[in-house]
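Peer 1: Before I ask anything, here is the structure I am working with.
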Amino acid sequence: MSPCNDLVLSCDEIQDTKLLSLVSSVLLAQGNKGEVAAVGQRVVQVLERRLPEGQSARFLLPVLANVISLSPGSLTEEQTNVVSKKLADWLRYASIQQGMAQPSGGFFSSPRSKQPAPVTEVDGAVATDFFTVLSVAQHYTQDQWLNVQTFSMLRNWLLCYGGKELDTLNPGATAGGDRSVTPMVPAPATPGRLLPPRERLQDKAFEYCQRLVEQSTRRPLKKDDGDLQKACLIEAVTIMDIICKQDSSYVCRAVSFLKILHSRICGDATYARALLPIAQFFLNHSKLAAMDSDAIYKHLFSDIPAQLFHNPSLAFEFVQFCKDNSQLFTDSSSIFRQSFPNLFKFLAWNSPSLISEFVDLLPFLLDPGTAIEIFHLLLDLPCLTAALDIQLRAAALPASEKAGPDPAGKPATCLEAFHHPLYRSMFQYLLRSRSAPEDAPDSLVPLRQLLGSLAGSPRVVQCAETVPVLLELFFRVVAEFADGSLINQLVVLLLQRSDQLYEIPAFKEDVYRVLGSNLAMLCGLRPALVVELSTEILEFSGAVSNIQSKEAIFTHMAWAVGEFLSVSHDKRCTVEQITRFFETLEAVLFEITQLRPQASTPSCAPRAISVLMATLTKLAARSQDLIPRVSMFLSKMRTFVQSPAVTSVYCEEDLEEILIRATELMNLLKMPSVAQFVFTPPVASTQFQKEVNDSLPLALRMVTQLLEPAPGSMPV
């Protein structure tokens, strides 16, 4: 900003192009839309006139590029036509002779000048066609620099001004109007009639891009020129796609041209990034061209991720391509939808940089047909990272070390196991390119154990840290479409897979936390599953080891039993089922609270003890024959919390909370009819009922105060 009010910058009277560029940079940095428009007007005015000797438009094109980025609506249609005409000339008619070296001005400098040499191609051959950004020279002329600058801003210019007729705007007009693209066929150029500036620029730009594609076939003498070839090829195909969207008459020319290009580069991994704009082109135009492009899509989604998952820039661009075309994944039978396991390879190898992209993409991959397979994929993501590491290392082994392992012996290392018959099918399934739930092996446990040696790898650990985030998203999306059958499958798998996770302690703890909270959510969506899956739930809930190693899941499962095992939620619920669950959970609570003279008391979270007590009380309230059993158990909790063996494990606050909860529950059971009402409220279908259910802790305390009045208070 100006250091004082008396100093005001203005570009209105500046004639020198370099000075105009410097002043304009300051004005554009201030972010004032009026100043942006004024700079744009002045730059176009200078470009429109013939520049004085020694002046060059080369300083102004970067300024113009900034103007159209900040405020594309600041130029009128007449002004955009002026610029389009200039850009077309700079693209097509730059000199094909090299520039002259500037004389050093020294005493021995020769007064004679050499004849300018022709520009060459990247392979050293003399250029026989017009100059492009891929033409090579020792020194460049001013119009050649303008050619390069024009190509660098061509994409944005076409997107802003190539798609439709512009309304005449005031200099201060702002951007944001409708810039929808409408196909239109330009009037053919004839000897007596030139194309309008906008159509002429499209025509010259299309020719320029065709020439770049042809130049990309040449073998460069320098590696840097090879990198430039690939970058220009990507930009050229992208610009051709834009032109075809704006003018459909170019589609037929471009389709045959790009199909030949694809067949030439699809087998070269160094050109993999160029396959994305080619695929985008055919997605946009194959219907108009009446062309089947499935082979192009199949190669892109099957081969590229499997071979080049370790290329970070390609990984980002590939996932971005999927995000931009997310509607393609809505068809369950499409090549795109069937190839989702390959996309997870990008995430497994590049998880920190791709997590936000996958958060956007994952909802489009999920439907009732893919949910189960993606659930397994997410839980096995760190294992997939380790398997990809082994795959890369195995591919890098010299041929002499790739001899097949002894089928009869047990592999000593992960590398040996990669080709071993015992593990080959498991590796192949984990590294599959397409969805194949029917090919899943009975268990991947041996492979997870084998890959345990890589659990400390930084890449594997980073990948493991992304899984909880995606699991939360997974359950949130699945909850929107899951039916009863899918919810039941997920609950069963959730309980089973809790025993089958990759051995990273922090990863397991985080996953248990997410699985536990979402187990409660699934049970809330379908309360009847507690009855329907009683066998699986009883098996899980009856294992004391689960309350110690998977406290988050166990606690939510026990809560769901107490909350939903009721006739009010499922008419099929019987007294026998309530008794069976009661006895199972009673045995677990007895096991973790039993005081043994010569054995240590099993340590578990105080929350789990409180939830188990509450669940047993809820079940007893629904089958009142069980009330004496649970009352007697609760009465013994005071002895439990005062035991030295227990006080050495738990803090005083936790023990006090356990005792308070036991006292509240025991008091409530002294009034069975009240207990039944409190612990079996009507299904919450209204906001009032939800608030009643949420206030149960308050109800427990009120009952306690009634039955155990404070000292000195008057009896009611």
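Order determines the names: the first chain of the structure tokens is A, the second B, and so forth; residues in each chain are numbered 1 upward, and ligands are numbered 1 upward as they are shown.
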Can you check which parts of segment 533-591 of chain A lie within 12 Å of segment 600-618 of chain A? Per residue, the shortest pair of atoms and distance in Å to one decimal, counting only C-alpha atoms, sorted by chain and number, as a tab-separated table.

Peer 2:
```
residue	atom	partner	partner_atom	distance
A:Ser541	CA	A:Leu612	CA	10.5
A:Gly542	CA	A:Leu612	CA	11.9
A:Val544	CA	A:Pro602	CA	9.1
A:Ser545	CA	A:Pro602	CA	9.6
A:Asn546	CA	A:Cys604	CA	10.0
A:Ile547	CA	A:Cys604	CA	6.8
A:Gln548	CA	A:Cys604	CA	5.5
A:Ser549	CA	A:Cys604	CA	8.7
A:Lys550	CA	A:Cys604	CA	9.9
A:Glu551	CA	A:Ala608	CA	6.9
A:Ala552	CA	A:Ala608	CA	8.4
A:Ile553	CA	A:Ala608	CA	10.1
A:Phe554	CA	A:Ala608	CA	7.8
A:Thr555	CA	A:Ala608	CA	5.3
A:His556	CA	A:Val611	CA	8.5
A:Met557	CA	A:Val611	CA	9.8
A:Ala558	CA	A:Leu612	CA	6.5
A:Trp559	CA	A:Val611	CA	6.2
A:Ala560	CA	A:Thr615	CA	8.6
A:Val561	CA	A:Thr615	CA	7.0
A:Gly562	CA	A:Thr615	CA	4.4
A:Glu563	CA	A:Thr615	CA	7.6
A:Phe564	CA	A:Lys618	CA	10.0
A:Leu565	CA	A:Lys618	CA	9.2
A:Ser566	CA	A:Lys618	CA	9.4
A:Ile578	CA	A:Leu616	CA	9.7
A:Thr579	CA	A:Leu616	CA	9.9
A:Arg580	CA	A:Leu616	CA	11.3
A:Phe581	CA	A:Leu616	CA	8.8
A:Phe582	CA	A:Leu616	CA	6.0
A:Glu583	CA	A:Leu616	CA	8.9
A:Thr584	CA	A:Leu616	CA	9.9
A:Leu585	CA	A:Leu612	CA	7.0
A:Glu586	CA	A:Leu616	CA	7.1
A:Ala587	CA	A:Leu612	CA	10.6
A:Val588	CA	A:Leu612	CA	8.6
A:Leu589	CA	A:Leu612	CA	6.7
A:Phe590	CA	A:Ile609	CA	10.1
A:Glu591	CA	A:Pro602	CA	7.8
```

Peer 1: Using N, CA and C atoms, can you write the selected residues to a file as an mmCIF file, in the first residue's frame?

Peer 2:
```
data_model
loop_
_atom_site.group_PDB
_atom_site.id
_atom_site.type_symbol
_atom_site.label_atom_id
_atom_site.label_comp_id
_atom_site.auth_asym_id
_atom_site.auth_seq_id
_atom_site.Cartn_x
_atom_site.Cartn_y
_atom_site.Cartn_z
ATOM 1 N N SER A 541 -19.702 -61.025 23.954
ATOM 2 C CA SER A 541 -19.870 -60.430 25.280
ATOM 3 C C SER A 541 -19.456 -61.365 26.404
ATOM 4 N N GLY A 542 -19.415 -62.651 26.122
ATOM 5 C CA GLY A 542 -19.075 -63.605 27.173
ATOM 6 C C GLY A 542 -17.591 -63.795 27.377
ATOM 7 N N VAL A 544 -14.196 -62.568 28.670
ATOM 8 C CA VAL A 544 -13.609 -61.559 29.560
ATOM 9 C C VAL A 544 -12.434 -60.854 28.883
ATOM 10 N N SER A 545 -11.735 -61.558 28.010
ATOM 11 C CA SER A 545 -10.584 -60.945 27.333
ATOM 12 C C SER A 545 -11.008 -59.738 26.499
ATOM 13 N N ASN A 546 -12.252 -59.746 25.994
ATOM 14 C CA ASN A 546 -12.713 -58.628 25.171
ATOM 15 C C ASN A 546 -12.883 -57.350 25.982
ATOM 16 N N ILE A 547 -13.305 -57.489 27.225
ATOM 17 C CA ILE A 547 -13.496 -56.289 28.034
ATOM 18 C C ILE A 547 -12.163 -55.667 28.407
ATOM 19 N N GLN A 548 -11.105 -56.452 28.381
ATOM 20 C CA GLN A 548 -9.786 -55.934 28.717
ATOM 21 C C GLN A 548 -9.052 -55.385 27.497
ATOM 22 N N SER A 549 -9.172 -56.073 26.364
ATOM 23 C CA SER A 549 -8.423 -55.648 25.185
ATOM 24 C C SER A 549 -9.231 -54.751 24.255
ATOM 25 N N LYS A 550 -10.564 -54.854 24.303
ATOM 26 C CA LYS A 550 -11.408 -54.061 23.388
ATOM 27 C C LYS A 550 -12.501 -53.369 24.181
ATOM 28 N N GLU A 551 -12.092 -52.649 25.191
ATOM 29 C CA GLU A 551 -13.068 -52.054 26.114
ATOM 30 C C GLU A 551 -14.087 -51.175 25.402
ATOM 31 N N ALA A 552 -13.654 -50.383 24.397
ATOM 32 C CA ALA A 552 -14.569 -49.469 23.711
ATOM 33 C C ALA A 552 -15.691 -50.232 23.013
ATOM 34 N N ILE A 553 -15.330 -51.332 22.331
ATOM 35 C CA ILE A 553 -16.354 -52.115 21.630
ATOM 36 C C ILE A 553 -17.226 -52.851 22.631
ATOM 37 N N PHE A 554 -16.596 -53.481 23.623
ATOM 38 C CA PHE A 554 -17.352 -54.254 24.607
ATOM 39 C C PHE A 554 -18.359 -53.371 25.339
ATOM 40 N N THR A 555 -17.927 -52.201 25.755
ATOM 41 C CA THR A 555 -18.802 -51.321 26.526
ATOM 42 C C THR A 555 -20.020 -50.894 25.705
ATOM 43 N N HIS A 556 -19.798 -50.528 24.452
ATOM 44 C CA HIS A 556 -20.932 -50.130 23.612
ATOM 45 C C HIS A 556 -21.842 -51.312 23.293
ATOM 46 N N MET A 557 -21.243 -52.489 23.167
ATOM 47 C CA MET A 557 -22.078 -53.669 22.925
ATOM 48 C C MET A 557 -22.942 -53.977 24.146
ATOM 49 N N ALA A 558 -22.347 -53.909 25.337
ATOM 50 C CA ALA A 558 -23.112 -54.154 26.559
ATOM 51 C C ALA A 558 -24.208 -53.101 26.735
ATOM 52 N N TRP A 559 -23.884 -51.853 26.417
ATOM 53 C CA TRP A 559 -24.907 -50.796 26.501
ATOM 54 C C TRP A 559 -26.067 -51.081 25.554
ATOM 55 N N ALA A 560 -25.743 -51.505 24.310
ATOM 56 C CA ALA A 560 -26.793 -51.785 23.325
ATOM 57 C C ALA A 560 -27.696 -52.926 23.779
ATOM 58 N N VAL A 561 -27.124 -53.935 24.437
ATOM 59 C CA VAL A 561 -27.941 -55.046 24.950
ATOM 60 C C VAL A 561 -28.936 -54.512 25.982
ATOM 61 N N GLY A 562 -28.446 -53.710 26.914
ATOM 62 C CA GLY A 562 -29.339 -53.167 27.926
ATOM 63 C C GLY A 562 -30.372 -52.216 27.355
ATOM 64 N N GLU A 563 -29.999 -51.510 26.317
ATOM 65 C CA GLU A 563 -30.898 -50.504 25.748
ATOM 66 C C GLU A 563 -31.965 -51.107 24.845
ATOM 67 N N PHE A 564 -31.605 -52.137 24.061
ATOM 68 C CA PHE A 564 -32.491 -52.592 22.985
ATOM 69 C C PHE A 564 -33.038 -54.008 23.147
ATOM 70 N N LEU A 565 -32.546 -54.775 24.126
ATOM 71 C CA LEU A 565 -33.096 -56.121 24.331
ATOM 72 C C LEU A 565 -34.399 -55.982 25.125
ATOM 73 N N SER A 566 -35.438 -55.678 24.413
ATOM 74 C CA SER A 566 -36.716 -55.367 25.053
ATOM 75 C C SER A 566 -37.854 -55.638 24.075
ATOM 76 N N ILE A 578 -33.607 -62.790 27.515
ATOM 77 C CA ILE A 578 -33.149 -61.821 28.519
ATOM 78 C C ILE A 578 -32.330 -62.519 29.593
ATOM 79 N N THR A 579 -32.808 -63.687 30.034
ATOM 80 C CA THR A 579 -32.091 -64.443 31.072
ATOM 81 C C THR A 579 -30.721 -64.895 30.569
ATOM 82 N N ARG A 580 -30.665 -65.336 29.319
ATOM 83 C CA ARG A 580 -29.393 -65.815 28.764
ATOM 84 C C ARG A 580 -28.370 -64.676 28.698
ATOM 85 N N PHE A 581 -28.788 -63.509 28.228
ATOM 86 C CA PHE A 581 -27.883 -62.362 28.195
ATOM 87 C C PHE A 581 -27.482 -61.950 29.610
ATOM 88 N N PHE A 582 -28.458 -61.969 30.522
ATOM 89 C CA PHE A 582 -28.173 -61.587 31.906
ATOM 90 C C PHE A 582 -27.101 -62.487 32.503
ATOM 91 N N GLU A 583 -27.249 -63.778 32.323
ATOM 92 C CA GLU A 583 -26.303 -64.720 32.923
ATOM 93 C C GLU A 583 -24.905 -64.569 32.314
ATOM 94 N N THR A 584 -24.863 -64.299 31.016
ATOM 95 C CA THR A 584 -23.562 -64.125 30.361
ATOM 96 C C THR A 584 -22.840 -62.891 30.891
ATOM 97 N N LEU A 585 -23.552 -61.757 30.943
ATOM 98 C CA LEU A 585 -22.926 -60.525 31.410
ATOM 99 C C LEU A 585 -22.660 -60.555 32.909
ATOM 100 N N GLU A 586 -23.526 -61.262 33.652
ATOM 101 C CA GLU A 586 -23.310 -61.407 35.082
ATOM 102 C C GLU A 586 -22.008 -62.153 35.351
ATOM 103 N N ALA A 587 -21.762 -63.195 34.571
ATOM 104 C CA ALA A 587 -20.529 -63.969 34.741
ATOM 105 C C ALA A 587 -19.300 -63.111 34.449
ATOM 106 N N VAL A 588 -19.411 -62.235 33.412
ATOM 107 C CA VAL A 588 -18.284 -61.363 33.077
ATOM 108 C C VAL A 588 -18.035 -60.363 34.205
ATOM 109 N N LEU A 589 -19.104 -59.726 34.694
ATOM 110 C CA LEU A 589 -18.942 -58.753 35.768
ATOM 111 C C LEU A 589 -18.407 -59.415 37.035
ATOM 112 N N PHE A 590 -18.868 -60.634 37.317
ATOM 113 C CA PHE A 590 -18.363 -61.372 38.474
ATOM 114 C C PHE A 590 -16.870 -61.637 38.325
ATOM 115 N N GLU A 591 -16.468 -62.006 37.105
ATOM 116 C CA GLU A 591 -15.062 -62.336 36.853
ATOM 117 C C GLU A 591 -14.152 -61.127 37.068
#
```

Peer 1: When you look at segment 374-386 of chain A with a cut-off of 7 Å (counting only C-alpha atoms), what residues show up, excluding the ones that are within fewer than 6 positions of it in the same chain? I need them as a PDB file with N, CA, C and O atoms, in the first residue's frame.

Peer 2:
```
ATOM      1  N   ALA A 348      -2.936 -45.846   0.313  1.00  0.00           N
ATOM      2  CA  ALA A 348      -2.074 -46.607   1.219  1.00  0.00           C
ATOM      3  C   ALA A 348      -0.634 -46.117   1.157  1.00  0.00           C
ATOM      4  O   ALA A 348       0.061 -46.059   2.179  1.00  0.00           O
ATOM      5  N   TRP A 349      -0.172 -45.732  -0.022  1.00  0.00           N
ATOM      6  CA  TRP A 349       1.230 -45.338  -0.185  1.00  0.00           C
ATOM      7  C   TRP A 349       1.450 -43.841   0.048  1.00  0.00           C
ATOM      8  O   TRP A 349       2.540 -43.416   0.418  1.00  0.00           O
ATOM      9  N   LEU A 430      -4.996 -59.164  -1.685  1.00  0.00           N
ATOM     10  CA  LEU A 430      -4.784 -57.857  -1.062  1.00  0.00           C
ATOM     11  C   LEU A 430      -4.352 -56.824  -2.096  1.00  0.00           C
ATOM     12  O   LEU A 430      -4.708 -55.645  -1.997  1.00  0.00           O
ATOM     13  N   ARG A 448      -1.259 -61.014   7.745  1.00  0.00           N
ATOM     14  CA  ARG A 448      -1.083 -59.905   8.691  1.00  0.00           C
ATOM     15  C   ARG A 448       0.039 -60.218   9.675  1.00  0.00           C
ATOM     16  O   ARG A 448       0.832 -59.341  10.034  1.00  0.00           O
ATOM     17  N   LEU A 451       3.403 -59.850   7.856  1.00  0.00           N
ATOM     18  CA  LEU A 451       3.791 -58.467   7.592  1.00  0.00           C
ATOM     19  C   LEU A 451       3.975 -57.657   8.877  1.00  0.00           C
ATOM     20  O   LEU A 451       4.221 -56.453   8.819  1.00  0.00           O
ATOM     21  N   LEU A 454       6.858 -55.154   9.494  1.00  0.00           N
ATOM     22  CA  LEU A 454       6.875 -53.820   8.899  1.00  0.00           C
ATOM     23  C   LEU A 454       5.970 -52.844   9.641  1.00  0.00           C
ATOM     24  O   LEU A 454       5.768 -51.711   9.191  1.00  0.00           O
ATOM     25  N   VAL A 460       3.924 -47.092   6.942  1.00  0.00           N
ATOM     26  CA  VAL A 460       2.812 -47.899   7.448  1.00  0.00           C
ATOM     27  C   VAL A 460       2.127 -47.186   8.615  1.00  0.00           C
ATOM     28  O   VAL A 460       0.890 -47.152   8.698  1.00  0.00           O
ATOM     29  N   CYS A 463       0.001 -44.331   7.349  1.00  0.00           N
ATOM     30  CA  CYS A 463      -1.227 -44.851   6.748  1.00  0.00           C
ATOM     31  C   CYS A 463      -2.220 -45.235   7.840  1.00  0.00           C
ATOM     32  O   CYS A 463      -3.417 -44.942   7.738  1.00  0.00           O
ATOM     33  N   ALA A 464      -1.727 -45.902   8.891  1.00  0.00           N
ATOM     34  CA  ALA A 464      -2.607 -46.341   9.973  1.00  0.00           C
ATOM     35  C   ALA A 464      -3.315 -45.160  10.627  1.00  0.00           C
ATOM     36  O   ALA A 464      -4.465 -45.276  11.076  1.00  0.00           O
ATOM     37  N   VAL A 467      -6.748 -44.186   8.982  1.00  0.00           N
ATOM     38  CA  VAL A 467      -7.870 -45.127   8.963  1.00  0.00           C
ATOM     39  C   VAL A 467      -9.033 -44.681   9.852  1.00  0.00           C
ATOM     40  O   VAL A 467     -10.197 -44.731   9.412  1.00  0.00           O
ATOM     41  N   LEU A 471     -12.846 -44.377   8.569  1.00  0.00           N
ATOM     42  CA  LEU A 471     -13.857 -45.269   9.152  1.00  0.00           C
ATOM     43  C   LEU A 471     -15.058 -44.479   9.659  1.00  0.00           C
ATOM     44  O   LEU A 471     -16.213 -44.887   9.463  1.00  0.00           O
ATOM     45  N   LEU A 501      -6.872 -57.333  13.314  1.00  0.00           N
ATOM     46  CA  LEU A 501      -6.313 -56.061  12.892  1.00  0.00           C
ATOM     47  C   LEU A 501      -4.794 -56.138  12.853  1.00  0.00           C
ATOM     48  O   LEU A 501      -4.185 -56.946  13.553  1.00  0.00           O
ATOM     49  N   TYR A 502      -4.216 -55.278  12.034  1.00  0.00           N
ATOM     50  CA  TYR A 502      -2.758 -55.217  11.923  1.00  0.00           C
ATOM     51  C   TYR A 502      -2.169 -54.786  13.265  1.00  0.00           C
ATOM     52  O   TYR A 502      -2.708 -53.911  13.948  1.00  0.00           O
TER      53      TYR A 502
END
```

Peer 1: Which residue, A:Ile260, A:Ala231, A:Ile660, A:Val67, has the smallest gap to Asn156 of chain A when you use only C-alpha atoms?

Peer 2: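 Checking each candidate against Asn156 of chain A, we get A:Val67 as the closest.
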
Peer 1: Mind listing the alpha helix (DSSP H) residues of segment 454-637 of chain A, per DSSP on the backbone, as a ChimeraX atom specification?

Peer 2: /A:458-481,484-497,505-525,529-532,534-541,544-549,551-564,575-593,606-622,627-635,637

Peer 1: Excluding same-chain residues fewer than 6 positions from Leu47 of chain A, what lies within 9 Å of it counting only C-alpha atoms, as a list in words?

Peer 2: Ala57, Leu60, Val82, Val83 and Lys86 of chain A

Peer 1: Would you mind reading off the distance between atom CA of Ala101 of chain A and atom CA of Asp129 of chain A, one decimal, in Å?

Peer 2: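 Atom-to-atom, atom CA of Ala101 of chain A to atom CA of Asp129 of chain A, that is 23.2 Å.
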
Peer 1: With only C-alpha atoms as the atoms that count, which of A:Ser69, A:Gln210, A:Ser216, A:Thr574 lies nearest to Leu134 of chain A?

Peer 2: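 Ranked by minimum distance to Leu134 of chain A, first place goes to A:Ser216.
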
Peer 1: As an exercise, work out the distance from atom CA of Phe346 of chain A to atom CA of Leu444 of chain A in Å and give it to one decimal place.

Peer 2: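 That distance, rounded to one decimal, is 21.1 Å.
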
Peer 1: For the atom pair atom CA of Glu465 of chain A and atom CA of Leu361 of chain A, what is the interatomic distance in Å to one decimal place?

Peer 2: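 Separation between atom CA of Glu465 of chain A and atom CA of Leu361 of chain A: 18.3 Å.
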
Peer 1: Write out as a VMD selection string which residues come within 7 Å of Ser631 of chain A when counting only C-alpha atoms, dropping same-chain ones fewer than 4 positions away.

Peer 2: chain A and resid 627 635 666

Peer 1: For Glu48 of chain A, find every residue with an atom within 12 Å (counting only C-alpha atoms), except residues of its own chain fewer than 3 positions away, and show them as JSON, numbers by chain.

Peer 2: {"A": [41, 42, 43, 44, 45, 51, 57, 60, 78, 79, 80, 81, 82, 83, 84, 85, 86, 87]}

Peer 1: Residues at most 12 Å from Tyr429 of chain A, counting only C-alpha atoms, excluding those fewer than 3 positions away in the same chain, as a VMD selection string?

Peer 2: chain A and resid 341 to 342 373 376 to 377 380 384 387 423 to 426 432 to 444 447
